[in-house]
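S.K.: I'm passing along run_2.pdb; it holds PDB, C-alpha atoms.
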ATOM      1  CA  MET A   3       0.000   0.000   0.000
ATOM      2  CA  GLN A   4       1.206   3.475  -0.847
ATOM      3  CA  ALA A   5       1.971   5.533   2.256
ATOM      4  CA  ALA A   6       0.364   8.677   0.887
ATOM      5  CA  GLU A   7      -1.064  10.526  -2.108
ATOM      6  CA  TYR A   8       0.409  13.851  -3.110
ATOM      7  CA  GLU A   9      -1.131  16.819  -4.865
ATOM      8  CA  VAL A  10       0.164  20.315  -5.427
ATOM      9  CA  LYS A  11      -2.670  22.836  -5.167
ATOM     10  CA  GLY A  12      -1.324  26.274  -5.941
ATOM     11  CA  GLU A  13       1.282  26.965  -3.314
ATOM     12  CA  VAL A  14       0.253  24.069  -1.101
ATOM     13  CA  LEU A  15       1.601  20.552  -1.243
ATOM     14  CA  VAL A  16      -1.195  18.351   0.084
ATOM     15  CA  ILE A  17      -0.050  15.029   1.523
ATOM     16  CA  ARG A  18      -2.972  12.680   2.040
ATOM     17  CA  LEU A  19      -1.732   9.956   4.319
ATOM     18  CA  LYS A  20      -3.009   6.465   3.559
ATOM     19  CA  ALA A  21      -1.200   4.470   6.227
ATOM     20  CA  ASP A  22       0.055   4.817   9.792
ATOM     21  CA  LEU A  23       2.816   7.418   9.933
ATOM     22  CA  ASP A  24       5.644   5.388  11.447
ATOM     23  CA  HIS A  25       9.324   4.877  10.643
ATOM     24  CA  HIS A  26       8.422   2.608   7.721
ATOM     25  CA  THR A  27       6.159   5.087   5.931
ATOM     26  CA  ALA A  28       8.198   8.108   7.095
ATOM     27  CA  LEU A  29      11.000   7.250   4.689
ATOM     28  CA  SER A  30       8.844   7.311   1.569
ATOM     29  CA  VAL A  31       6.808  10.347   2.641
ATOM     30  CA  ARG A  32      10.006  12.286   3.286
ATOM     31  CA  GLU A  33      11.468  11.437  -0.114
ATOM     32  CA  ALA A  34       8.288  12.106  -2.070
ATOM     33  CA  ALA A  35       7.555  15.372  -0.261
ATOM     34  CA  ASP A  36      11.058  16.771  -0.694
ATOM     35  CA  SER A  37      11.124  15.805  -4.347
ATOM     36  CA  LEU A  38       7.797  17.572  -4.976
ATOM     37  CA  LEU A  39       8.892  20.640  -3.004
ATOM     38  CA  ALA A  40      11.998  20.853  -5.149
ATOM     39  CA  ARG A  41      10.277  20.611  -8.512
ATOM     40  CA  SER A  42       6.977  22.430  -7.935
ATOM     41  CA  HIS A  43       5.948  25.884  -6.769
ATOM     42  CA  ALA A  44       4.617  24.506  -3.499
ATOM     43  CA  LYS A  45       5.595  26.629  -0.538
ATOM     44  CA  HIS A  46       3.377  25.222   2.213
ATOM     45  CA  ILE A  47       2.525  21.680   3.244
ATOM     46  CA  LEU A  48      -0.803  20.321   4.444
ATOM     47  CA  PHE A  49      -0.790  16.829   5.974
ATOM     48  CA  ASP A  50      -4.229  15.213   5.751
ATOM     49  CA  PHE A  51      -4.611  12.474   8.373
ATOM     50  CA  THR A  52      -8.206  11.597   7.472
ATOM     51  CA  GLY A  53      -8.642   7.854   7.978
ATOM     52  CA  VAL A  54      -5.244   7.447   9.647
ATOM     53  CA  ASP A  55      -5.227   7.235  13.409
ATOM     54  CA  PHE A  56      -1.705   6.241  14.256
ATOM     55  CA  MET A  57       1.491   8.227  14.381
ATOM     56  CA  ASP A  58       4.555   7.710  16.562
ATOM     57  CA  SER A  59       7.740   9.690  17.146
ATOM     58  CA  SER A  60       8.927   8.871  13.613
ATOM     59  CA  GLY A  61       5.993  10.938  12.348
ATOM     60  CA  ILE A  62       7.112  13.838  14.496
ATOM     61  CA  GLY A  63      10.489  13.636  12.783
ATOM     62  CA  VAL A  64       8.881  13.781   9.332
ATOM     63  CA  ILE A  65       6.716  16.777  10.168
ATOM     64  CA  MET A  66       9.519  18.696  11.893
ATOM     65  CA  GLY A  67      11.818  17.881   9.003
ATOM     66  CA  ARG A  68       9.337  19.229   6.440
ATOM     67  CA  TYR A  69       8.767  22.292   8.629
ATOM     68  CA  ARG A  70      12.503  22.994   8.479
ATOM     69  CA  GLN A  71      12.375  22.626   4.697
ATOM     70  CA  VAL A  72       9.615  25.175   4.114
ATOM     71  CA  ILE A  73      10.184  27.682   6.910
ATOM     72  CA  PHE A  74      13.235  29.232   5.256
ATOM     73  CA  HIS A  75      11.125  30.220   2.260
ATOM     74  CA  GLY A  76       8.304  31.605   4.352
ATOM     75  CA  GLY A  77       6.286  28.422   4.124
ATOM     76  CA  ARG A  78       4.064  26.873   6.762
ATOM     77  CA  VAL A  79       2.909  23.416   7.710
ATOM     78  CA  GLY A  80      -0.671  22.530   8.537
ATOM     79  CA  VAL A  81      -2.511  19.353   9.441
ATOM     80  CA  THR A  82      -6.122  18.329   9.004
ATOM     81  CA  GLY A  83      -8.323  15.311   9.615
ATOM     82  CA  VAL A  84      -6.489  14.665  12.878
ATOM     83  CA  GLY A  85      -8.121  11.972  15.012
ATOM     84  CA  ALA A  86      -7.893  11.545  18.789
ATOM     85  CA  ASN A  87      -4.742   9.422  18.879
ATOM     86  CA  VAL A  88      -2.729  11.511  16.454
ATOM     87  CA  ASP A  89      -3.967  14.665  18.189
ATOM     88  CA  ARG A  90      -2.576  13.370  21.484
ATOM     89  CA  ILE A  91       0.843  12.786  19.929
ATOM     90  CA  PHE A  92       0.794  16.329  18.527
ATOM     91  CA  ARG A  93      -0.164  17.784  21.886
ATOM     92  CA  ILE A  94       2.317  15.785  23.960
ATOM     93  CA  SER A  95       5.197  16.537  21.619
ATOM     94  CA  GLY A  96       4.378  20.239  21.389
ATOM     95  CA  LEU A  97       4.127  20.091  17.585
ATOM     96  CA  TYR A  98       1.114  22.418  17.605
ATOM     97  CA  LYS A  99       3.536  25.222  18.425
ATOM     98  CA  ILE A 100       4.789  25.084  14.853
ATOM     99  CA  VAL A 101       1.949  23.335  13.030
ATOM    100  CA  GLU A 102      -1.595  24.579  12.659
ATOM    101  CA  ASN A 103      -4.459  22.114  13.016
ATOM    102  CA  TYR A 104      -7.350  22.704  10.616
ATOM    103  CA  GLN A 105     -10.418  21.112  12.145
ATOM    104  CA  LYS A 106     -12.446  20.285   9.064
ATOM    105  CA  ALA A 107     -10.892  18.113   6.408
ATOM    106  CA  GLU A 108     -13.266  19.268   3.676
ATOM    107  CA  GLU A 109     -12.427  22.921   4.318
ATOM    108  CA  ALA A 110      -8.770  22.246   3.765
ATOM    109  CA  PHE A 111      -9.289  21.752   0.054
ATOM    110  CA  THR A 112     -12.307  23.824  -0.821
ATOM    111  CA  CYS A 113     -11.705  27.093   0.941
ATOM    112  CA  PRO A 114     -10.830  28.454   4.349
ATOM    113  CA  ALA A 115      -7.904  26.420   5.560
ATOM    114  CA  TYR A 116      -6.271  25.965   2.204
ATOM    115  CA  GLU A 117      -6.781  29.528   1.081
ATOM    116  CA  ARG A 118      -5.692  30.786   4.422
ATOM    117  CA  LEU A 119      -2.514  28.781   4.172
ATOM    118  CA  ALA A 120      -1.957  30.078   0.682
ATOM    119  CA  THR A 121      -2.738  33.725   1.262
ATOM    120  CA  GLU A 122      -1.438  34.490   4.752
ATOM    121  CA  ASN A 123       2.138  34.682   3.555
TER     122      ASN A 123
ATOM    123  CA  MET B   3       6.677 -14.008  36.408
ATOM    124  CA  GLU B   4       4.802 -17.214  35.839
ATOM    125  CA  ASN B   5       1.170 -18.298  35.809
ATOM    126  CA  PHE B   6       0.150 -15.828  33.165
ATOM    127  CA  ASP B   7      -3.375 -15.810  31.809
ATOM    128  CA  ASN B   8      -1.816 -15.669  28.379
ATOM    129  CA  GLU B   9       1.602 -15.289  26.842
ATOM    130  CA  MET B  10       2.959 -14.933  23.320
ATOM    131  CA  ARG B  11       6.246 -14.536  21.518
ATOM    132  CA  LEU B  12       6.743 -13.114  18.047
ATOM    133  CA  THR B  13      10.052 -13.086  16.242
ATOM    134  CA  PHE B  14      10.541 -11.114  13.068
ATOM    135  CA  GLN B  15      13.234  -9.681  10.825
ATOM    136  CA  ALA B  16      14.456  -6.192  11.680
ATOM    137  CA  LYS B  17      12.622  -4.584   8.768
ATOM    138  CA  SER B  18      10.570  -1.427   9.033
ATOM    139  CA  CYS B  19       7.487  -3.079   7.489
ATOM    140  CA  ASN B  20       7.301  -5.220  10.643
ATOM    141  CA  GLU B  21       6.661  -2.190  12.872
ATOM    142  CA  ALA B  22       3.005  -2.310  11.845
ATOM    143  CA  LEU B  23       2.977  -6.080  12.380
ATOM    144  CA  ALA B  24       4.192  -5.626  15.967
ATOM    145  CA  ARG B  25       1.507  -2.993  16.648
ATOM    146  CA  MET B  26      -1.275  -5.131  15.233
ATOM    147  CA  THR B  27      -0.091  -8.161  17.176
ATOM    148  CA  VAL B  28      -0.075  -6.262  20.460
ATOM    149  CA  ALA B  29      -3.520  -4.832  19.743
ATOM    150  CA  ALA B  30      -4.862  -8.322  19.060
ATOM    151  CA  PHE B  31      -3.238  -9.680  22.227
ATOM    152  CA  LEU B  32      -5.006  -6.983  24.275
ATOM    153  CA  THR B  33      -8.452  -7.575  22.774
ATOM    154  CA  PRO B  34      -9.722  -9.968  25.501
ATOM    155  CA  LEU B  35      -9.143  -7.219  28.082
ATOM    156  CA  ASN B  36     -11.439  -4.794  26.251
ATOM    157  CA  PRO B  37      -8.964  -1.916  26.514
ATOM    158  CA  THR B  38     -10.135   1.648  25.992
ATOM    159  CA  LEU B  39      -9.141   3.280  22.711
ATOM    160  CA  GLU B  40      -6.617   5.334  24.640
ATOM    161  CA  GLU B  41      -5.052   2.289  26.328
ATOM    162  CA  LEU B  42      -4.850   0.601  22.961
ATOM    163  CA  ALA B  43      -3.204   3.637  21.362
ATOM    164  CA  ASP B  44      -0.778   3.992  24.299
ATOM    165  CA  THR B  45       0.334   0.405  24.013
ATOM    166  CA  LYS B  46       0.648   0.439  20.236
ATOM    167  CA  THR B  47       2.724   3.621  20.371
ATOM    168  CA  ALA B  48       5.037   2.336  23.104
ATOM    169  CA  VAL B  49       5.632  -0.966  21.297
ATOM    170  CA  SER B  50       6.088   0.822  17.971
ATOM    171  CA  GLU B  51       8.776   3.031  19.522
ATOM    172  CA  ALA B  52      10.649   0.093  21.023
ATOM    173  CA  VAL B  53      10.529  -1.949  17.812
ATOM    174  CA  THR B  54      11.594   1.061  15.713
ATOM    175  CA  ASN B  55      14.557   1.636  18.057
ATOM    176  CA  ALA B  56      15.576  -2.008  17.738
ATOM    177  CA  ILE B  57      15.501  -1.764  13.945
ATOM    178  CA  ILE B  58      17.191   1.630  13.568
ATOM    179  CA  HIS B  59      19.609   1.715  16.484
ATOM    180  CA  GLY B  60      19.962  -1.955  17.355
ATOM    181  CA  TYR B  61      20.738  -3.117  13.832
ATOM    182  CA  GLY B  62      20.979  -0.066  11.557
ATOM    183  CA  GLU B  63      22.099  -1.295   8.172
ATOM    184  CA  THR B  64      22.795  -4.827   9.355
ATOM    185  CA  GLU B  65      20.284  -7.662   9.390
ATOM    186  CA  GLY B  66      18.894  -9.053  12.582
ATOM    187  CA  THR B  67      15.941 -10.359  14.484
ATOM    188  CA  VAL B  68      13.594  -8.576  16.852
ATOM    189  CA  GLU B  69      11.608 -10.436  19.478
ATOM    190  CA  LEU B  70       8.342  -9.211  20.947
ATOM    191  CA  TRP B  71       7.112 -11.001  24.052
ATOM    192  CA  CYS B  72       3.752 -10.217  25.617
ATOM    193  CA  ALA B  73       2.107 -11.650  28.714
ATOM    194  CA  ARG B  74      -0.891 -10.762  30.799
ATOM    195  CA  ARG B  75      -2.229 -11.590  34.210
ATOM    196  CA  GLY B  76      -5.487 -10.016  35.238
ATOM    197  CA  ARG B  77      -5.332  -6.394  34.088
ATOM    198  CA  GLU B  78      -1.542  -6.298  34.078
ATOM    199  CA  VAL B  79       0.214  -6.602  30.743
ATOM    200  CA  TRP B  80       3.937  -6.949  30.055
ATOM    201  CA  PHE B  81       5.585  -6.136  26.732
ATOM    202  CA  HIS B  82       9.226  -6.885  26.095
ATOM    203  CA  VAL B  83      11.105  -5.941  22.939
ATOM    204  CA  LYS B  84      14.509  -7.512  22.460
ATOM    205  CA  ASP B  85      17.272  -7.234  19.909
ATOM    206  CA  THR B  86      20.768  -8.687  19.789
ATOM    207  CA  GLY B  87      22.254  -5.694  17.987
ATOM    208  CA  ASN B  88      24.545  -2.794  18.855
ATOM    209  CA  GLY B  89      23.366  -2.094  22.370
ATOM    210  CA  ILE B  90      23.184   1.341  24.004
ATOM    211  CA  ALA B  91      26.407   2.870  25.369
ATOM    212  CA  ASP B  92      24.709   5.475  27.564
ATOM    213  CA  ILE B  93      21.164   4.473  28.529
ATOM    214  CA  LYS B  94      20.621   7.600  30.638
ATOM    215  CA  ALA B  95      21.444   9.889  27.707
ATOM    216  CA  ALA B  96      19.382   7.797  25.303
ATOM    217  CA  MET B  97      16.351   8.244  27.515
ATOM    218  CA  GLU B  98      16.627  12.034  27.631
ATOM    219  CA  PRO B  99      13.833  13.728  25.656
ATOM    220  CA  MET B 100      14.980  14.998  22.247
ATOM    221  CA  TYR B 101      18.259  13.081  22.493
ATOM    222  CA  THR B 102      19.115  11.258  19.292
ATOM    223  CA  THR B 103      22.235   9.806  17.736
ATOM    224  CA  LYS B 104      20.654   9.954  14.289
ATOM    225  CA  PRO B 105      19.457  13.538  13.635
ATOM    226  CA  GLU B 106      20.334  13.135   9.937
ATOM    227  CA  GLN B 107      17.582  10.519   9.735
ATOM    228  CA  GLU B 108      15.151  13.019  11.250
ATOM    229  CA  ARG B 109      14.801  11.019  14.435
ATOM    230  CA  SER B 110      12.917  13.159  16.926
ATOM    231  CA  GLY B 111      14.526  11.678  20.020
ATOM    232  CA  MET B 112      11.106  11.148  21.571
ATOM    233  CA  GLY B 113      11.032   7.341  21.478
ATOM    234  CA  PHE B 114      11.869   6.571  25.107
ATOM    235  CA  SER B 115       9.839   9.575  26.298
ATOM    236  CA  PHE B 116       6.771   8.094  24.630
ATOM    237  CA  MET B 117       7.463   4.628  26.038
ATOM    238  CA  GLU B 118       7.726   6.204  29.469
ATOM    239  CA  ALA B 119       4.621   8.351  29.029
ATOM    240  CA  PHE B 120       2.412   5.605  27.647
ATOM    241  CA  THR B 121       3.269   2.744  30.009
ATOM    242  CA  ASP B 122       3.333   2.301  33.794
ATOM    243  CA  GLU B 123       6.808   0.854  34.003
ATOM    244  CA  LEU B 124       9.823   1.020  31.714
ATOM    245  CA  ILE B 125      13.105  -0.800  32.258
ATOM    246  CA  VAL B 126      15.910  -0.744  29.712
ATOM    247  CA  GLU B 127      18.705  -3.295  29.849
ATOM    248  CA  SER B 128      21.498  -3.023  27.335
ATOM    249  CA  ALA B 129      25.085  -4.015  26.720
ATOM    250  CA  VAL B 130      27.217  -2.669  23.878
ATOM    251  CA  GLY B 131      27.702  -5.341  21.247
ATOM    252  CA  GLU B 132      25.145  -7.639  22.839
ATOM    253  CA  GLY B 133      21.812  -5.952  22.357
ATOM    254  CA  THR B 134      18.957  -4.277  24.159
ATOM    255  CA  LEU B 135      15.940  -5.480  26.109
ATOM    256  CA  VAL B 136      13.136  -3.005  26.709
ATOM    257  CA  LYS B 137      10.655  -4.110  29.374
ATOM    258  CA  MET B 138       7.356  -2.316  29.622
ATOM    259  CA  LYS B 139       4.388  -2.947  31.854
ATOM    260  CA  LYS B 140       0.941  -1.443  31.656
ATOM    261  CA  VAL B 141      -2.097  -1.871  33.849
ATOM    262  CA  MET B 142      -5.382  -1.700  31.978
ATOM    263  CA  GLY B 143      -8.067   0.279  33.810
TER     264      GLY B 143
END
Written as structure tokens, how would this file's structure read?

M.R.:
Amino acid sequence: MQAAEYEVKGEVLVIRLKADLDHHTALSVREAADSLLARSHAKHILFDFTGVDFMDSSGIGVIMGRYRQVIFHGGRVGVTGVGANVDRIFRISGLYKIVENYQKAEEAFTCPAYERLATEN
Amino acid sequence: MENFDNEMRLTFQAKSCNEALARMTVAAFLTPLNPTLEELADTKTAVSEAVTNAIIHGYGETEGTVELWCARRGREVWFHVKDTGNGIADIKAAMEPMYTTKPEQERSGMGFSFMEAFTDELIVESAVGEGTLVKMKKVMG
């Protein structure tokens, strides 16, 4: 199974996770995301966790790593579709200090969250 | 530690695809106890961290075997993750939050912190060149 699906929407690279974000999937997500960041105009990243309810410290590494990639170009990282278990990992690790959580998954693509991500910078 | 209600042992190759296998196995082992979703998530995360450490730090690029042992008695559950890899030179440092020997691999250094946070007891035994045994215990509410 593919770890994630990727789509560049304007300035936002949307990463729709399809499997638990652990060390195994982290490797492929990291490679695919960095490759797309390098060859597209994407500036921000939105991780969509809809349907995925597991992430461990390897996932934290992936998200912090991508944050470091985009922050130097004024980019931001957001997450959406975050379930209870993933939310707990985000809270405990303090990731919400650098990553914004968009409550509604559908908004992330149609309007508010996505446009906000794209226009705030 | 005898007279368990149930006990199991799973041995698998130190490959990252087996991290999910270890999590699913632990979740299945817990099923008869009807754990809460939070207890289930805690346990899966703690085991995932220990198995990931065994694969990345225990063996790195070399091949090896990871052993997951689970046992339960009443509401008490024990999870042990063992490798016969590199071992940990400084266990105290390794257990510090944010400490990692592999920042280039984007390791967050939160593995042991999560094991500690999500279980009721964590004991780490390790010898350089011999391997590491992580013992965790959790009491289901």

S.K.: Can you translate the ChimeraX specification (/A :<6) & /B into the concrete residues it hits in this file, as a list of chain:residue names?

M.R.: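 So the ChimeraX specification (/A :<6) & /B, applied here, picks out B:Ser18, B:Cys19, B:Thr47, B:Glu108, B:Arg109, B:Ser110, B:Met112, B:Gly113.
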
S.K.: Find the residues around stretch 73-80 of chain A up to 6 Å (only C-alpha atoms counted), leave out those fewer than 6 positions away in its own chain, and share them as a JSON list (two decimals) with C-alpha atoms, in the coordinates of the input.

M.R.:
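Ended up saving to around_12.json:
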[["chain", "number", "residue", "atom", "x", "y", "z"],
["A", 45, "LYS", "CA", 5.60, 26.63, -0.54],
["A", 46, "HIS", "CA", 3.38, 25.22, 2.21],
["A", 47, "ILE", "CA", 2.52, 21.68, 3.24],
["A", 48, "LEU", "CA", -0.80, 20.32, 4.44],
["A", 101, "VAL", "CA", 1.95, 23.34, 13.03],
["A", 102, "GLU", "CA", -1.60, 24.58, 12.66],
["A", 103, "ASN", "CA", -4.46, 22.11, 13.02]]

S.K.: For stretch 75-80 of chain B, work out the shell of residues within 8 Å, counting all atoms listed in the file and skipping chain neighbours fewer than 2 positions away, then give it as a list in words.

M.R.: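 Neighbouring residues, sequence-local ones excluded: Asn5, Phe6, Asp7, Asn8, Leu35, Trp71, Cys72, Ala73, His82, Lys137, Met138, Lys139, Lys140, Val141, Met142 and Gly143 of chain B.
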
S.K.: Emit the selected residues as a PDB file, keeping the file's coordinate frame, including C-alpha atoms.

M.R.:
ATOM      1  CA  ASN B   5       1.170 -18.298  35.809  1.00  0.00           C
ATOM      2  CA  PHE B   6       0.150 -15.828  33.165  1.00  0.00           C
ATOM      3  CA  ASP B   7      -3.375 -15.810  31.809  1.00  0.00           C
ATOM      4  CA  ASN B   8      -1.816 -15.669  28.379  1.00  0.00           C
ATOM      5  CA  LEU B  35      -9.143  -7.219  28.082  1.00  0.00           C
ATOM      6  CA  TRP B  71       7.112 -11.001  24.052  1.00  0.00           C
ATOM      7  CA  CYS B  72       3.752 -10.217  25.617  1.00  0.00           C
ATOM      8  CA  ALA B  73       2.107 -11.650  28.714  1.00  0.00           C
ATOM      9  CA  HIS B  82       9.226  -6.885  26.095  1.00  0.00           C
ATOM     10  CA  LYS B 137      10.655  -4.110  29.374  1.00  0.00           C
ATOM     11  CA  MET B 138       7.356  -2.316  29.622  1.00  0.00           C
ATOM     12  CA  LYS B 139       4.388  -2.947  31.854  1.00  0.00           C
ATOM     13  CA  LYS B 140       0.941  -1.443  31.656  1.00  0.00           C
ATOM     14  CA  VAL B 141      -2.097  -1.871  33.849  1.00  0.00           C
ATOM     15  CA  MET B 142      -5.382  -1.700  31.978  1.00  0.00           C
ATOM     16  CA  GLY B 143      -8.067   0.279  33.810  1.00  0.00           C
TER      17      GLY B 143
END

S.K.: Name the closest residue to B:Thr54 among the candidates B:Thr67, B:Thr27, B:Thr38, B:Asn20; distances are taken between atoms, counting only C-alpha atoms.

M.R.: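 The closest residue to B:Thr54 is B:Asn20.
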
S.K.: Using all atoms listed in the file, which residues sit within 12 Å of B:Glu118 once same-chain residues fewer than 3 positions away are excluded, as a list of chain:residue names?

M.R.: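 Here the qualifying residues turn out to be B:Asp44, B:Thr45, B:Thr47, B:Ala48, B:Val49, B:Glu51, B:Ala52, B:Met97, B:Glu98, B:Pro99, B:Met112, B:Gly113, B:Phe114, B:Ser115, B:Thr121, B:Asp122, B:Glu123, B:Leu124, B:Ile125, B:Val126, B:Val136, B:Lys137, B:Met138, B:Lys139, B:Lys140.
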
S.K.: Mind dumping the selected residues with C-alpha atoms as a JSON list (two decimals), in the frame of the given file?

M.R.:
[["chain", "number", "residue", "atom", "x", "y", "z"],
["B", 44, "ASP", "CA", -0.78, 3.99, 24.30],
["B", 45, "THR", "CA", 0.33, 0.40, 24.01],
["B", 47, "THR", "CA", 2.72, 3.62, 20.37],
["B", 48, "ALA", "CA", 5.04, 2.34, 23.10],
["B", 49, "VAL", "CA", 5.63, -0.97, 21.30],
["B", 51, "GLU", "CA", 8.78, 3.03, 19.52],
["B", 52, "ALA", "CA", 10.65, 0.09, 21.02],
["B", 97, "MET", "CA", 16.35, 8.24, 27.52],
["B", 98, "GLU", "CA", 16.63, 12.03, 27.63],
["B", 99, "PRO", "CA", 13.83, 13.73, 25.66],
["B", 112, "MET", "CA", 11.11, 11.15, 21.57],
["B", 113, "GLY", "CA", 11.03, 7.34, 21.48],
["B", 114, "PHE", "CA", 11.87, 6.57, 25.11],
["B", 115, "SER", "CA", 9.84, 9.57, 26.30],
["B", 121, "THR", "CA", 3.27, 2.74, 30.01],
["B", 122, "ASP", "CA", 3.33, 2.30, 33.79],
["B", 123, "GLU", "CA", 6.81, 0.85, 34.00],
["B", 124, "LEU", "CA", 9.82, 1.02, 31.71],
["B", 125, "ILE", "CA", 13.10, -0.80, 32.26],
["B", 126, "VAL", "CA", 15.91, -0.74, 29.71],
["B", 136, "VAL", "CA", 13.14, -3.00, 26.71],
["B", 137, "LYS", "CA", 10.66, -4.11, 29.37],
["B", 138, "MET", "CA", 7.36, -2.32, 29.62],
["B", 139, "LYS", "CA", 4.39, -2.95, 31.85],
["B", 140, "LYS", "CA", 0.94, -1.44, 31.66]]

S.K.: So how many Å separate atom CA of B:Arg25 and atom CA of B:Tyr61, to one decimal?

M.R.: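 Between these atoms lies a distance of 19.4 Å.
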
S.K.: What does the distance between atom CA of B:Val28 and atom CA of A:Val54 come to in Å, to one decimal place?

M.R.: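 Those two atoms sit 18.2 Å apart.
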
S.K.: As AutoDock Vina command-line options, please report the centre and edge lengths, rounded to one decimal in Å, of the axis-aligned box that holds all listed atoms of stretch 32-37 of chain B with 4 Å of padding on each of the six sides.

M.R.:
--center_x -8.2 --center_y -5.9 --center_z 25.4 --size_x 14.4 --size_y 16.1 --size_z 13.3

S.K.: When the PyMOL selection byres ((chain A and resi 53) around 9) is applied to the file above, which residues end up in the set, as a PyMOL selection string?

M.R.: chain A and resi 19-21+50-52+54-55+83-85

S.K.: Provide the atom CA of A:Val10 to atom CA of A:Phe92 distance in Å, to one decimal place.

M.R.: 24.3 Å

S.K.: Identify which of the residues B:Met100, B:Ala129, B:Val68, B:Leu135 lies closest to B:Phe116, counting only C-alpha atoms when measuring atom-to-atom distances.

M.R.: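 Using only C-alpha atoms, B:Phe116 sits closest to B:Met100.
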
S.K.: Residues within 7 Å of (-3.1, 13.7, 2.6), file coordinates, counting only C-alpha atoms: what are they? Give the list as a list in words.

M.R.: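 So the residues meeting the distance criterion are Ala6, Glu7, Tyr8, Val16, Ile17, Arg18, Leu19, Phe49, Asp50 and Phe51 of chain A.
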
S.K.: Missing atoms in stretch 23-36 of chain B should be modelled up to N, CA and C atoms and reported as a PDB file, in the coordinates of the input.

M.R.:
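Produced file result-v3.pdb, reproduced below:
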ATOM      1  N   LEU B  23       3.307  -4.718  11.943  1.00  0.00           N
ATOM      2  CA  LEU B  23       2.977  -6.080  12.380  1.00  0.00           C
ATOM      3  C   LEU B  23       3.020  -6.171  13.909  1.00  0.00           C
ATOM      4  N   ALA B  24       4.054  -5.595  14.502  1.00  0.00           N
ATOM      5  CA  ALA B  24       4.192  -5.626  15.967  1.00  0.00           C
ATOM      6  C   ALA B  24       3.021  -4.893  16.632  1.00  0.00           C
ATOM      7  N   ARG B  25       2.632  -3.757  16.074  1.00  0.00           N
ATOM      8  CA  ARG B  25       1.507  -2.993  16.648  1.00  0.00           C
ATOM      9  C   ARG B  25       0.203  -3.769  16.570  1.00  0.00           C
ATOM     10  N   MET B  26      -0.022  -4.385  15.413  1.00  0.00           N
ATOM     11  CA  MET B  26      -1.275  -5.131  15.233  1.00  0.00           C
ATOM     12  C   MET B  26      -1.315  -6.354  16.146  1.00  0.00           C
ATOM     13  N   THR B  27      -0.161  -6.977  16.318  1.00  0.00           N
ATOM     14  CA  THR B  27      -0.091  -8.161  17.176  1.00  0.00           C
ATOM     15  C   THR B  27      -0.413  -7.796  18.625  1.00  0.00           C
ATOM     16  N   VAL B  28       0.177  -6.706  19.090  1.00  0.00           N
ATOM     17  CA  VAL B  28      -0.075  -6.262  20.460  1.00  0.00           C
ATOM     18  C   VAL B  28      -1.549  -5.901  20.647  1.00  0.00           C
ATOM     19  N   ALA B  29      -2.106  -5.219  19.657  1.00  0.00           N
ATOM     20  CA  ALA B  29      -3.520  -4.832  19.743  1.00  0.00           C
ATOM     21  C   ALA B  29      -4.403  -6.081  19.836  1.00  0.00           C
ATOM     22  N   ALA B  30      -4.078  -7.084  19.040  1.00  0.00           N
ATOM     23  CA  ALA B  30      -4.862  -8.322  19.060  1.00  0.00           C
ATOM     24  C   ALA B  30      -4.708  -9.041  20.397  1.00  0.00           C
ATOM     25  N   PHE B  31      -3.499  -9.015  20.939  1.00  0.00           N
ATOM     26  CA  PHE B  31      -3.238  -9.680  22.227  1.00  0.00           C
ATOM     27  C   PHE B  31      -4.058  -9.037  23.344  1.00  0.00           C
ATOM     28  N   LEU B  32      -4.284  -7.729  23.234  1.00  0.00           N
ATOM     29  CA  LEU B  32      -5.006  -6.983  24.275  1.00  0.00           C
ATOM     30  C   LEU B  32      -6.519  -7.138  24.189  1.00  0.00           C
ATOM     31  N   THR B  33      -7.006  -7.558  23.034  1.00  0.00           N
ATOM     32  CA  THR B  33      -8.452  -7.575  22.774  1.00  0.00           C
ATOM     33  C   THR B  33      -9.293  -8.207  23.889  1.00  0.00           C
ATOM     34  N   PRO B  34      -8.881  -9.362  24.458  1.00  0.00           N
ATOM     35  CA  PRO B  34      -9.722  -9.968  25.501  1.00  0.00           C
ATOM     36  C   PRO B  34      -9.911  -9.083  26.728  1.00  0.00           C
ATOM     37  N   LEU B  35      -9.031  -8.099  26.910  1.00  0.00           N
ATOM     38  CA  LEU B  35      -9.143  -7.219  28.082  1.00  0.00           C
ATOM     39  C   LEU B  35     -10.066  -6.024  27.821  1.00  0.00           C
ATOM     40  N   ASN B  36     -10.605  -5.933  26.624  1.00  0.00           N
ATOM     41  CA  ASN B  36     -11.439  -4.794  26.251  1.00  0.00           C
ATOM     42  C   ASN B  36     -10.810  -3.451  26.633  1.00  0.00           C
TER      43      ASN B  36
END
